[in-house]
>>> print(open('structure30.cif').read())   # mmCIF, C-alpha atoms and all ligand atoms
data_input
#
loop_
_atom_site.label_atom_id
_atom_site.label_comp_id
_atom_site.auth_asym_id
_atom_site.auth_seq_id
_atom_site.Cartn_x
_atom_site.Cartn_y
_atom_site.Cartn_z
CA MET X 167 24.32 18.44 -3.14
CA THR X 168 21.89 18.48 -6.05
CA LEU X 169 18.65 16.58 -6.42
CA LEU X 170 17.37 15.49 -9.80
CA LEU X 171 13.59 15.12 -9.84
CA ILE X 172 11.87 12.99 -12.44
CA GLY X 173 8.14 13.24 -11.96
CA PRO X 174 4.83 14.48 -13.17
CA PRO X 175 4.50 18.26 -13.79
CA GLU X 176 2.40 18.84 -10.63
CA ARG X 177 5.18 17.45 -8.48
CA GLU X 178 7.82 19.47 -10.32
CA GLN X 179 5.85 22.69 -9.83
CA ALA X 180 5.32 22.02 -6.14
CA TRP X 181 8.95 21.09 -5.40
CA GLN X 182 10.59 24.07 -7.12
CA PRO X 183 9.61 26.84 -4.62
CA ILE X 184 10.13 24.53 -1.62
CA PHE X 185 13.70 23.75 -2.70
CA GLU X 186 14.31 27.41 -3.51
CA ASN X 187 13.17 28.47 -0.03
CA ALA X 188 15.32 25.79 1.54
CA GLY X 189 18.35 26.92 -0.50
CA GLU X 190 18.85 23.43 -1.97
CA ALA X 191 19.71 22.75 -5.60
CA LEU X 192 17.00 21.07 -7.68
CA ILE X 193 17.16 19.99 -11.31
CA ILE X 194 13.94 19.01 -13.00
CA GLY X 195 14.13 16.32 -15.65
CA GLU X 196 17.18 14.58 -17.10
CA ASP X 197 17.27 16.91 -20.11
CA ALA X 198 18.13 19.79 -17.80
CA VAL X 199 21.20 18.03 -16.35
CA GLN X 200 24.31 19.81 -17.57
CA ASP X 201 26.80 18.25 -15.18
CA PRO X 202 25.88 14.66 -14.30
CA LEU X 203 28.70 14.65 -11.72
CA SER X 204 26.76 17.18 -9.63
CA ILE X 205 23.77 14.88 -9.07
CA THR X 206 23.82 13.40 -5.56
CA HIS X 207 20.11 12.54 -5.12
CA LEU X 208 17.48 11.29 -7.51
CA ALA X 209 13.77 11.43 -6.69
CA CYS X 210 11.48 9.42 -8.96
CA TRP X 211 8.96 6.59 -9.06
CA GLN X 212 11.21 4.60 -11.38
CA PRO X 213 14.80 5.54 -12.16
CA PRO X 214 16.22 5.83 -15.68
CA ALA X 215 18.06 2.75 -16.92
CA GLU X 216 21.40 4.52 -17.08
CA LEU X 217 22.17 5.31 -13.44
CA GLY X 218 25.90 4.93 -14.22
CA ARG X 219 25.63 8.39 -15.76
CA TYR X 220 25.55 9.78 -12.20
CA PRO X 221 28.70 8.48 -10.51
CA ASN X 222 28.24 10.72 -7.43
CA LEU X 223 24.71 9.54 -6.75
CA LYS X 224 24.26 8.84 -3.04
CA ALA X 225 20.56 8.11 -2.76
CA VAL X 226 17.48 7.34 -4.80
CA ILE X 227 14.23 8.52 -3.23
CA SER X 228 11.06 6.68 -4.19
CA THR X 229 8.35 9.31 -4.42
CA GLY X 230 5.82 6.76 -3.12
CA ALA X 231 5.59 4.51 -0.09
CA GLY X 232 6.53 1.39 -2.06
CA VAL X 233 9.87 0.44 -3.56
CA ASP X 234 9.07 -2.83 -5.36
CA GLN X 235 9.17 -0.96 -8.68
CA MET X 236 12.84 -0.06 -8.08
CA PRO X 237 15.69 -2.07 -9.58
CA LEU X 238 18.66 -3.11 -7.46
CA LEU X 239 20.72 0.07 -7.20
CA PRO X 240 24.46 0.28 -7.85
CA PRO X 241 26.62 -0.45 -4.78
CA GLY X 242 26.90 2.55 -2.47
CA VAL X 243 23.59 4.11 -3.60
CA ALA X 244 21.00 4.15 -0.79
CA LEU X 245 17.29 3.71 -1.42
CA THR X 246 14.63 5.54 0.58
CA ARG X 247 10.87 5.51 0.40
CA THR X 248 8.80 8.58 1.07
CA LEU X 249 7.60 8.86 4.64
CA ALA X 250 4.65 11.22 4.63
CA PRO X 251 1.83 11.43 7.15
CA GLY X 252 -0.57 12.07 4.26
CA ILE X 253 0.14 8.64 2.75
CA ASP X 254 -0.50 6.90 6.07
CA ALA X 255 -3.73 8.86 6.57
CA MET X 256 -5.01 8.30 3.03
CA VAL X 257 -4.43 4.54 3.09
CA ARG X 258 -5.98 4.40 6.55
CA ASP X 259 -9.07 6.18 5.19
CA TRP X 260 -9.34 3.75 2.27
CA VAL X 261 -8.96 0.81 4.65
CA LEU X 262 -11.65 2.22 6.98
CA MET X 263 -13.97 2.73 4.01
CA ALA X 264 -13.37 -0.81 2.74
CA THR X 265 -13.71 -2.38 6.18
CA LEU X 266 -16.98 -0.60 6.86
CA MET X 267 -18.29 -1.39 3.37
CA LEU X 268 -17.57 -5.08 3.70
CA HIS X 269 -18.57 -5.33 7.36
CA ARG X 270 -21.92 -3.65 6.58
CA ASP X 271 -22.54 -5.75 3.44
CA MET X 272 -22.22 -3.01 0.81
CA PRO X 273 -21.38 -5.35 -2.12
CA ARG X 274 -24.66 -7.15 -1.47
CA TYR X 275 -26.64 -3.91 -1.12
CA LEU X 276 -25.10 -2.46 -4.29
CA GLU X 277 -26.17 -5.55 -6.16
CA GLN X 278 -29.67 -5.42 -4.67
CA SER X 279 -29.89 -1.72 -5.37
CA ALA X 280 -29.06 -2.28 -9.05
CA ARG X 281 -32.23 -4.45 -9.08
CA SER X 282 -34.22 -1.88 -7.05
CA GLU X 283 -34.57 -4.58 -4.42
CA TRP X 284 -35.34 -3.56 -0.80
CA ARG X 285 -34.13 -6.50 1.26
CA PRO X 286 -32.54 -5.95 4.67
CA HIS X 287 -29.97 -8.31 6.18
CA PRO X 288 -29.09 -8.24 9.88
CA PRO X 289 -26.60 -5.42 10.50
CA ARG X 290 -23.50 -6.16 12.57
CA LEU X 291 -21.89 -4.19 15.39
CA ALA X 292 -18.28 -3.16 14.81
CA ARG X 293 -17.20 -5.20 17.83
CA ALA X 294 -18.48 -8.31 16.10
CA GLY X 295 -15.96 -7.76 13.30
CA ARG X 296 -12.64 -9.47 13.83
CA VAL X 297 -10.24 -7.47 11.71
CA GLY X 298 -6.77 -8.83 10.93
CA ILE X 299 -4.10 -6.56 9.47
CA MET X 300 -1.16 -8.09 7.65
CA GLY X 301 1.72 -5.66 7.94
CA LEU X 302 2.09 -3.38 10.95
CA GLY X 303 4.39 -0.70 9.57
CA ARG X 304 3.44 2.98 9.75
CA ILE X 305 0.32 2.51 7.64
CA GLY X 306 -0.81 -0.70 9.33
CA ARG X 307 -0.41 0.83 12.78
CA THR X 308 -2.35 3.95 11.76
CA ALA X 309 -5.20 1.84 10.36
CA ALA X 310 -5.18 -0.45 13.40
CA ALA X 311 -5.56 2.49 15.80
CA SER X 312 -8.54 3.91 13.90
CA LEU X 313 -10.28 0.56 13.48
CA SER X 314 -9.89 -0.24 17.12
CA SER X 315 -11.25 3.18 18.07
CA LEU X 316 -14.35 2.35 16.01
CA GLY X 317 -14.80 -0.73 18.15
CA PHE X 318 -13.49 -3.45 15.83
CA ASP X 319 -11.66 -6.37 17.38
CA VAL X 320 -8.26 -5.78 15.79
CA ALA X 321 -5.34 -8.16 15.42
CA GLY X 322 -2.19 -7.78 13.40
CA TRP X 323 0.42 -10.03 11.87
CA SER X 324 3.93 -8.74 11.53
CA ARG X 325 7.41 -10.03 11.01
CA SER X 326 8.65 -8.51 14.27
CA GLY X 327 5.60 -9.36 16.38
CA ARG X 328 6.27 -6.09 18.25
CA PRO X 329 3.38 -5.31 20.66
CA LEU X 330 0.89 -2.58 19.82
CA GLU X 331 -1.71 -0.98 22.07
CA ASN X 332 -5.26 -2.36 21.64
CA VAL X 333 -4.10 -4.82 18.97
CA ARG X 334 -3.47 -8.51 19.42
CA VAL X 335 -0.22 -9.00 17.54
CA TYR X 336 0.62 -12.39 16.05
CA ALA X 337 4.24 -13.20 15.29
CA HIS X 338 5.37 -14.35 11.88
CA ALA X 339 5.20 -18.04 12.82
CA ASP X 340 1.61 -17.68 14.05
CA LEU X 341 0.00 -16.91 10.69
CA SER X 342 -2.49 -19.80 10.90
CA ALA X 343 -3.79 -18.72 14.32
CA PHE X 344 -4.04 -15.13 13.09
CA LEU X 345 -6.07 -16.20 10.04
CA ALA X 346 -8.34 -18.51 12.03
CA ARG X 347 -9.67 -15.54 14.08
CA THR X 348 -9.93 -13.05 11.18
CA ASP X 349 -13.26 -12.20 9.49
CA LEU X 350 -11.96 -9.13 7.65
CA LEU X 351 -8.44 -9.69 6.32
CA ILE X 352 -6.56 -6.51 5.40
CA CYS X 353 -3.33 -6.82 3.44
CA LEU X 354 -0.93 -3.88 3.68
CA LEU X 355 2.29 -5.81 3.15
CA PRO X 356 5.14 -4.65 0.92
CA LEU X 357 5.87 -6.82 -2.11
CA THR X 358 8.88 -9.04 -1.44
CA ASP X 359 9.89 -12.57 -2.47
CA GLU X 360 8.15 -13.77 0.69
CA THR X 361 4.86 -11.97 0.13
CA ARG X 362 4.51 -12.59 -3.62
CA GLY X 363 1.50 -14.90 -4.07
CA LEU X 364 0.85 -15.04 -0.31
CA LEU X 365 -2.90 -14.45 -0.68
CA ASN X 366 -3.55 -17.87 -2.18
CA ALA X 367 -5.83 -20.89 -1.80
CA ASP X 368 -3.97 -22.21 1.28
CA LEU X 369 -4.29 -18.90 3.03
CA PHE X 370 -7.97 -18.43 2.16
CA ALA X 371 -8.71 -21.95 3.47
CA LYS X 372 -7.38 -20.92 6.89
CA LEU X 373 -9.83 -18.02 7.20
CA PRO X 374 -13.21 -18.65 8.81
CA GLU X 375 -16.14 -19.32 6.48
CA GLY X 376 -17.62 -16.05 5.19
CA ALA X 377 -14.48 -13.95 5.65
CA ALA X 378 -13.77 -10.94 3.43
CA LEU X 379 -10.57 -9.62 1.87
CA ILE X 380 -9.36 -6.02 1.77
CA HIS X 381 -6.23 -5.61 -0.33
CA ALA X 382 -4.11 -2.47 -0.53
CA GLY X 383 -0.70 -4.15 -0.64
CA ARG X 384 0.48 -5.09 -4.11
CA GLY X 385 -1.37 -6.94 -6.86
CA ALA X 386 1.26 -9.67 -7.20
CA GLN X 387 0.50 -10.83 -3.66
CA LEU X 388 -2.98 -12.01 -4.66
CA ASP X 389 -3.85 -15.12 -6.64
CA MET X 390 -7.05 -13.84 -8.26
CA GLU X 391 -8.12 -17.30 -9.46
CA ALA X 392 -7.76 -18.70 -5.93
CA MET X 393 -9.85 -15.77 -4.70
CA ARG X 394 -12.49 -16.53 -7.29
CA HIS X 395 -12.68 -20.18 -6.20
CA ALA X 396 -12.94 -19.15 -2.55
CA LEU X 397 -15.77 -16.73 -3.47
CA ASP X 398 -17.57 -19.37 -5.54
CA ALA X 399 -17.27 -21.87 -2.70
CA GLY X 400 -18.81 -19.29 -0.35
CA HIS X 401 -15.70 -19.46 1.79
CA LEU X 402 -14.94 -15.81 1.03
CA ARG X 403 -17.92 -13.47 1.15
CA ALA X 404 -16.50 -10.44 -0.69
CA ALA X 405 -13.33 -8.57 -1.55
CA MET X 406 -12.27 -5.01 -2.04
CA LEU X 407 -9.08 -4.44 -4.01
CA ASP X 408 -7.07 -1.31 -4.67
CA VAL X 409 -4.21 -3.19 -6.33
CA THR X 410 -4.21 -5.84 -9.04
CA GLU X 411 -1.78 -7.71 -11.26
CA PRO X 412 -1.53 -6.36 -13.89
CA GLU X 413 -2.46 -2.71 -13.45
CA PRO X 414 -4.63 -1.56 -15.04
CA LEU X 415 -6.70 -4.70 -14.70
CA PRO X 416 -7.78 -5.63 -18.26
CA GLN X 417 -11.30 -4.58 -19.16
CA SER X 418 -12.29 -8.18 -19.85
CA HIS X 419 -11.24 -9.44 -16.40
CA TRP X 420 -14.02 -11.33 -14.56
CA ALA X 421 -13.48 -9.39 -11.34
CA TRP X 422 -14.82 -6.15 -12.85
CA THR X 423 -18.30 -7.53 -13.20
CA ASP X 424 -18.37 -9.82 -10.16
CA PRO X 425 -20.72 -8.18 -7.65
CA ARG X 426 -18.77 -9.68 -4.77
CA VAL X 427 -15.64 -7.75 -5.75
CA ILE X 428 -15.18 -3.99 -5.57
CA ILE X 429 -12.13 -2.55 -7.31
CA THR X 430 -10.55 0.88 -7.04
CA PRO X 431 -7.71 1.74 -9.45
CA HIS X 432 -4.72 1.98 -7.05
CA VAL X 433 -5.92 5.19 -5.47
CA ALA X 434 -5.78 4.39 -1.76
CA ALA X 435 -3.06 7.03 -1.51
CA GLN X 436 -0.99 9.40 -3.52
CA THR X 437 1.99 11.26 -2.07
CA ASP X 438 1.16 14.86 -1.31
CA ALA X 439 3.69 16.88 -3.36
CA THR X 440 4.62 19.21 -0.48
CA GLU X 441 5.13 16.35 1.96
CA GLY X 442 7.21 14.52 -0.66
CA ALA X 443 9.45 17.57 -1.14
CA HIS X 444 10.00 17.86 2.61
CA HIS X 445 10.90 14.19 2.80
CA ALA X 446 13.46 14.70 0.01
CA LEU X 447 14.93 17.74 1.79
CA ALA X 448 15.23 15.68 4.99
CA ALA X 449 17.06 13.00 3.01
CA ILE X 450 19.51 15.57 1.61
CA ARG X 451 20.14 17.00 5.10
CA ALA X 452 20.68 13.52 6.52
CA THR X 453 23.22 12.77 3.77
CA ARG X 454 25.03 15.99 4.54
CA ASP X 455 25.05 15.27 8.30
CA GLY X 456 25.95 11.64 7.86
CA SER X 457 22.83 10.60 9.80
CA ALA X 458 20.34 7.84 8.97
CA LEU X 459 18.27 8.61 5.87
CA PRO X 460 14.53 8.88 6.59
CA GLY X 461 12.70 5.92 5.09
CA LEU X 462 15.92 4.04 4.40
CA VAL X 463 15.14 0.72 2.69
CA ASP X 464 17.01 -2.49 3.37
CA GLN X 465 17.53 -3.41 -0.29
CA GLY X 466 18.18 -7.05 0.58
CA ARG X 467 14.91 -7.32 2.51
CA GLY X 468 12.92 -5.19 0.06
CA TYR X 469 11.29 -2.65 2.40
C1 LIG X 501 1.61 3.51 -3.78
O1 LIG X 501 1.23 2.40 -3.92
C2 LIG X 501 2.88 3.88 -3.20
O2 LIG X 501 3.75 3.00 -3.06
O3 LIG X 501 3.05 5.05 -2.84
#
>>> encode(input="structure30.cif", output="C-alpha cells", more="lines below")
Ligand code: GLV
Amino acid sequence: MTLLLIGPPEREQAWQPIFENAGEALIIGEDAVQDPLSITHLACWQPPAELGRYPNLKAVISTGAGVDQMPLLPPGVALTRTLAPGIDAMVRDWVLMATLMLHRDMPRYLEQSARSEWRPHPPRLARAGRVGIMGLGRIGRTAAASLSSLGFDVAGWSRSGRPLENVRVYAHADLSAFLARTDLLICLLPLTDETRGLLNADLFAKLPEGAALIHAGRGAQLDMEAMRHALDAGHLRAAMLDVTEPEPLPQSHWAWTDPRVIITPHVAAQTDATEGAHHALAAIRATRDGSALPGLVDQGRGY
C-alpha cells in the first residue's frame, strides 16, 4: 500500500519520519508519483481533478474534520475524515471561549472599551445560560461535557437523539422546542443539503429574545442577512463566527465592523500534523485488515 500526500510543507515534513518509522510507503506530491498504479491512499484537503489516474485508489483521507470540500469520489473509493483528539479539543476550546465571551457580554464591553467607557452591566452566572448545541458528534459531545462542567445548562440537538450524560438531548423532530429554550446557540453541524442555510430567519425567530449565536460549523449554513435583521430587531444580541460564506469574508462586508459580531478566520481548529499522520496510518492498516476505516464517511449522507 502507498499513500500519496498532498499538503502544506509542514504536514509533509511531519508525516515523512512517522511513515518511515511505521514502515509504510509515503509519496509526497503528485510530481513524485512514478507509478500511479501503486497509489492506494490519498491524503489531502481537496483531491486533484484527475483521480482516474489512480485506478487502485482505495481511500481518500480528508486531512481535516470536514468533508464538504470533497467531490463525489469514484465508485469503490472510500472517504474518511481525520479523527484526531486535538481537533475535538481545539474546537471545544474555541466554543468555550465564544460561549463565555457572549455569556459575559464581551462584544458590548469591547465596544465600550473602544470609547474608554466604564459602564457595568449585571453579570450572569453560568447556570443562567441555556446553551444549545446543534450537532452532537465527537466535537459537540466534547464541548457539551466541558460546558456542563462549567455549570451551563446544556442541551443538544442531533439527528439520532442518542442520550448524553448531563445534556438534555432533543431529537431531530424537536428542533423548535430545542430552540425555544436556547439562549446561546452553538452550531457544530457538518455541511449537508439539509444543513445548508439552516441558520435563517425562521430559525432565529424561534430563539428567545436576546439569544446569541456561536457558529463553528460551515459558512454556508448561515444566512448573514437574516442574522443582521435579527440583530437589528434586537432579537439576537450578538454572534461569534469562525466560518463564513465566502471565506475569506470580503473586507467590505458589514459584519467586520458590526460591534455585535466577532469574527475569527476559520481557526477554531487545525489538524495536528502528527495526529493526522497516525490517523492515516490507522486507515492504511484498516484497509489491509479489511476492517472499518476510522472516520469513514457515508458519502450519500455527507458526514
Ligand atoms: C476545519 O474546518 C476542518 O474541517 O478540519
>>> residues_near_ligand(input="structure30.cif", ligand="ligand LIG 501 (chain X)", cutoff="9 Å", atoms="all atoms listed in the file", output="list in words")
Trp211, Ser228, Thr229, Gly230, Ala231, Gly232, Val233, Asp234, Gln235, Arg247, Thr248, Ile253, Pro356, Ala382, Gly383, Arg384, Val409, His432, Val433, Ala434, Ala435, Gln436 and Thr437 of chain X
>>> atom_distance(input="structure30.cif", atom1="atom CA of X:Ile194", atom2="atom CA of X:Pro251")
24.7 Å
>>> atom_distance(input="structure30.cif", atom1="atom CA of X:Glu413", atom2="atom CA of X:Leu208")
25.1 Å
>>> atom_distance(input="structure30.cif", atom1="atom CA of X:Pro431", atom2="atom CA of X:Met263")
14.9 Å
>>> residues_around(input="structure30.cif", residues="stretch 182-190 of chain X", least_positions_apart="4", cutoff="10 Å", atoms="all atoms listed in the file", output="CSV table (one decimal) with C-alpha atoms, keeping the file's coordinate frame")
chain,number,residue,atom,x,y,z
X,167,MET,CA,24.3,18.4,-3.1
X,168,THR,CA,21.9,18.5,-6.0
X,169,LEU,CA,18.6,16.6,-6.4
X,171,LEU,CA,13.6,15.1,-9.8
X,177,ARG,CA,5.2,17.4,-8.5
X,178,GLU,CA,7.8,19.5,-10.3
X,194,ILE,CA,13.9,19.0,-13.0
X,440,THR,CA,4.6,19.2,-0.5
X,443,ALA,CA,9.4,17.6,-1.1
X,444,HIS,CA,10.0,17.9,2.6
X,446,ALA,CA,13.5,14.7,0.0
X,447,LEU,CA,14.9,17.7,1.8
X,450,ILE,CA,19.5,15.6,1.6
X,451,ARG,CA,20.1,17.0,5.1
>>> closest_residue(input="structure30.cif", among="X:Thr410, X:Thr308, X:Gln465, X:Thr206", to="X:Arg258", atoms="all atoms listed in the file")
X:Thr308
>>> closest_residue(input="structure30.cif", among="X:Cys210, X:Ile172, X:Met406, X:Leu316", to="X:Ala292", atoms="all atoms listed in the file")
X:Leu316
>>> closest_residue(input="structure30.cif", among="X:Ala396, X:Ala452, X:Leu170, X:Leu313", to="X:Glu196", atoms="only C-alpha atoms")
X:Leu170
